[in-house]
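Some notes on the structure that comes next.
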Amino acid sequence: MSGKLAEAVATLMARPDIGPVLPIVAQALVSLVLVFALYLLARALKLGGDVRIADAAHAARLAEATETGFDAQDITLDRARIGALVRNSQGRVLLIRRHGARFVGTELTSHAGIRLDRHTLTLETGDRQFGTLTLDLGGEAQIWAASLRRLESQDHTV
């Protein structure tokens, strides 16, 4: 601090009517400035944003990132855009879901664990790490549920 500022602070603190108020106010102001600095740093690093699947093209890119060479032909997005089902030309289906600030995908190989309830599909993959996901697909839920019943009858060997 500059000499005059330090002298002014010392004078204020010496006053009996101020007491411990000045140090408490100073600490609060410093804390607010530091919190604001952390907020600006998080914004600059683009941390904590709302991560969602933007559109069908984004879902196709996520499927390609999950499995190289996966050529998405049919895509449906969850209404909240936290998950998607992506089918390729061979009939293989990838389930894409949000995992924290990223997306992960897994191939659905069986219709076991898939439940339809009006406009939602609940998908249990059997993978404990991937977990269960409920997708709100609207009117497409019934169409996808019917098409997923054919998964076990297809041979996916290469």
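Convention: chains lettered A, B, ... in structure tokens order; per-chain residue numbering from 1; ligands numbered from 1 as shown.
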
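Every protein or nucleic acid residue with an atom no more than 8 Å from Thr120 of chain A, counting only C-alpha atoms and leaving out same-chain residues fewer than 6 positions away, appears here: Thr134, Leu135, Asp136, Leu137, Gly138 and Ala141 of chain A.
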
Considering only C-alpha atoms, return as an mmCIF file with N, CA and C atoms, in the first residue's frame whatever protein or nucleic-acid residues lie within 10 Å of segment 22-27 of chain A, sequence-local ones (same chain, fewer than 4 positions apart) excluded.
data_model
loop_
_atom_site.group_PDB
_atom_site.id
_atom_site.type_symbol
_atom_site.label_atom_id
_atom_site.label_comp_id
_atom_site.auth_asym_id
_atom_site.auth_seq_id
_atom_site.Cartn_x
_atom_site.Cartn_y
_atom_site.Cartn_z
ATOM 1 N N VAL A 9 -5.751 4.058 6.659
ATOM 2 C CA VAL A 9 -6.311 2.832 7.227
ATOM 3 C C VAL A 9 -5.962 2.737 8.705
ATOM 4 N N LEU A 12 -8.153 5.112 10.642
ATOM 5 C CA LEU A 12 -9.525 4.604 10.781
ATOM 6 C C LEU A 12 -9.612 3.482 11.812
ATOM 7 N N MET A 13 -8.641 2.580 11.798
ATOM 8 C CA MET A 13 -8.668 1.451 12.718
ATOM 9 C C MET A 13 -8.423 1.897 14.161
ATOM 10 N N ILE A 18 -15.019 2.683 15.208
ATOM 11 C CA ILE A 18 -14.943 1.770 14.056
ATOM 12 C C ILE A 18 -14.782 0.332 14.553
ATOM 13 N N SER A 31 -12.655 -11.021 -0.638
ATOM 14 C CA SER A 31 -13.280 -12.302 -1.008
ATOM 15 C C SER A 31 -14.142 -12.154 -2.252
ATOM 16 N N LEU A 32 -14.927 -11.108 -2.328
ATOM 17 C CA LEU A 32 -15.768 -10.880 -3.511
ATOM 18 C C LEU A 32 -14.923 -10.692 -4.763
ATOM 19 N N VAL A 33 -13.842 -9.951 -4.656
ATOM 20 C CA VAL A 33 -12.957 -9.737 -5.806
ATOM 21 C C VAL A 33 -12.353 -11.063 -6.253
#

Can you check which parts of segment 107-133 of chain A lie within 12 Å of segment 65-86 of chain A? Per residue, the shortest pair of atoms and distance in Å to one decimal, counting only C-alpha atoms, sorted by chain and number, as CSV.
residue,atom,partner,partner_atom,distance
A:Glu107,CA,A:Glu67,CA,9.1
A:Leu108,CA,A:Leu85,CA,9.4
A:His119,CA,A:Arg79,CA,10.2
A:Thr120,CA,A:Asp78,CA,8.9
A:Leu121,CA,A:Asp78,CA,9.6
A:Thr122,CA,A:Asp78,CA,11.4
A:Leu123,CA,A:Leu85,CA,10.5
A:Thr132,CA,A:Gly83,CA,11.5
A:Leu133,CA,A:Gly83,CA,8.2

| field | Secondary structure check, strand (DSSP E or B) residues of segment 71-139 of chain A, as an MDAnalysis selection string | value | chainID A and resid 72:77 83:88 93:99 102:108 114:117 120:124 132:136

Same residues, C-alpha atoms, saved as a PDB file, in the first residue's frame:
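So the final result, stored in result11.pdb, reads:
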ATOM      1  CA  ALA A  72     -24.749 -42.601 -39.352  1.00  0.00           C
ATOM      2  CA  GLN A  73     -27.888 -43.091 -41.449  1.00  0.00           C
ATOM      3  CA  ASP A  74     -30.736 -42.663 -38.967  1.00  0.00           C
ATOM      4  CA  ILE A  75     -30.523 -40.390 -35.918  1.00  0.00           C
ATOM      5  CA  THR A  76     -32.953 -39.451 -33.188  1.00  0.00           C
ATOM      6  CA  LEU A  77     -32.241 -36.999 -30.391  1.00  0.00           C
ATOM      7  CA  GLY A  83     -28.667 -38.495 -25.537  1.00  0.00           C
ATOM      8  CA  ALA A  84     -29.190 -39.915 -29.007  1.00  0.00           C
ATOM      9  CA  LEU A  85     -29.704 -43.155 -30.896  1.00  0.00           C
ATOM     10  CA  VAL A  86     -27.707 -43.496 -34.107  1.00  0.00           C
ATOM     11  CA  ARG A  87     -28.146 -46.307 -36.659  1.00  0.00           C
ATOM     12  CA  ASN A  88     -25.787 -47.073 -39.538  1.00  0.00           C
ATOM     13  CA  VAL A  93     -27.191 -48.890 -33.256  1.00  0.00           C
ATOM     14  CA  LEU A  94     -25.073 -46.680 -31.003  1.00  0.00           C
ATOM     15  CA  LEU A  95     -26.449 -45.083 -27.864  1.00  0.00           C
ATOM     16  CA  ILE A  96     -24.809 -41.716 -27.196  1.00  0.00           C
ATOM     17  CA  ARG A  97     -25.181 -40.099 -23.781  1.00  0.00           C
ATOM     18  CA  ARG A  98     -23.771 -37.223 -21.809  1.00  0.00           C
ATOM     19  CA  HIS A  99     -21.197 -38.159 -19.194  1.00  0.00           C
ATOM     20  CA  ARG A 102     -18.416 -35.052 -22.506  1.00  0.00           C
ATOM     21  CA  PHE A 103     -20.303 -37.657 -24.457  1.00  0.00           C
ATOM     22  CA  VAL A 104     -19.800 -41.406 -24.476  1.00  0.00           C
ATOM     23  CA  GLY A 105     -21.315 -44.078 -26.642  1.00  0.00           C
ATOM     24  CA  THR A 106     -21.926 -47.793 -26.634  1.00  0.00           C
ATOM     25  CA  GLU A 107     -23.352 -50.209 -29.165  1.00  0.00           C
ATOM     26  CA  LEU A 108     -26.735 -51.754 -28.446  1.00  0.00           C
ATOM     27  CA  ILE A 114     -35.217 -51.696 -23.410  1.00  0.00           C
ATOM     28  CA  ARG A 115     -38.568 -50.457 -22.139  1.00  0.00           C
ATOM     29  CA  LEU A 116     -41.068 -48.239 -23.937  1.00  0.00           C
ATOM     30  CA  ASP A 117     -43.354 -45.935 -21.956  1.00  0.00           C
ATOM     31  CA  THR A 120     -39.758 -42.455 -23.616  1.00  0.00           C
ATOM     32  CA  LEU A 121     -37.356 -45.329 -24.080  1.00  0.00           C
ATOM     33  CA  THR A 122     -35.422 -46.619 -21.086  1.00  0.00           C
ATOM     34  CA  LEU A 123     -32.255 -48.377 -22.169  1.00  0.00           C
ATOM     35  CA  GLU A 124     -30.289 -50.637 -19.839  1.00  0.00           C
ATOM     36  CA  THR A 132     -29.270 -46.785 -17.640  1.00  0.00           C
ATOM     37  CA  LEU A 133     -30.565 -43.934 -19.756  1.00  0.00           C
ATOM     38  CA  THR A 134     -34.116 -42.753 -20.371  1.00  0.00           C
ATOM     39  CA  LEU A 135     -34.590 -40.862 -23.636  1.00  0.00           C
ATOM     40  CA  ASP A 136     -37.649 -38.749 -24.379  1.00  0.00           C
TER      41      ASP A 136
END

| query | Among segment 2-151 of chain A, which ones does DSSP place in helix (DSSP H, G or I), written as a ChimeraX atom specification? | reply | /A:3-14,21-44,56-66,140-148,151

| field | Pick from A:Leu41, A:Val21, A:Ile53, A:Ala112 nearest to Leu151 of chain A, counting only C-alpha atoms | value |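 So, comparing all the options, the nearest one is A:Ala112.
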
| said: Which residues are close to Arg149 of chain A, i.e. within 9 Å by only C-alpha atoms, leaving aside same-chain residues fewer than 2 positions away? Reply as number ranges by chain. | reply: A: 110-112, 114, 144-147, 151-153
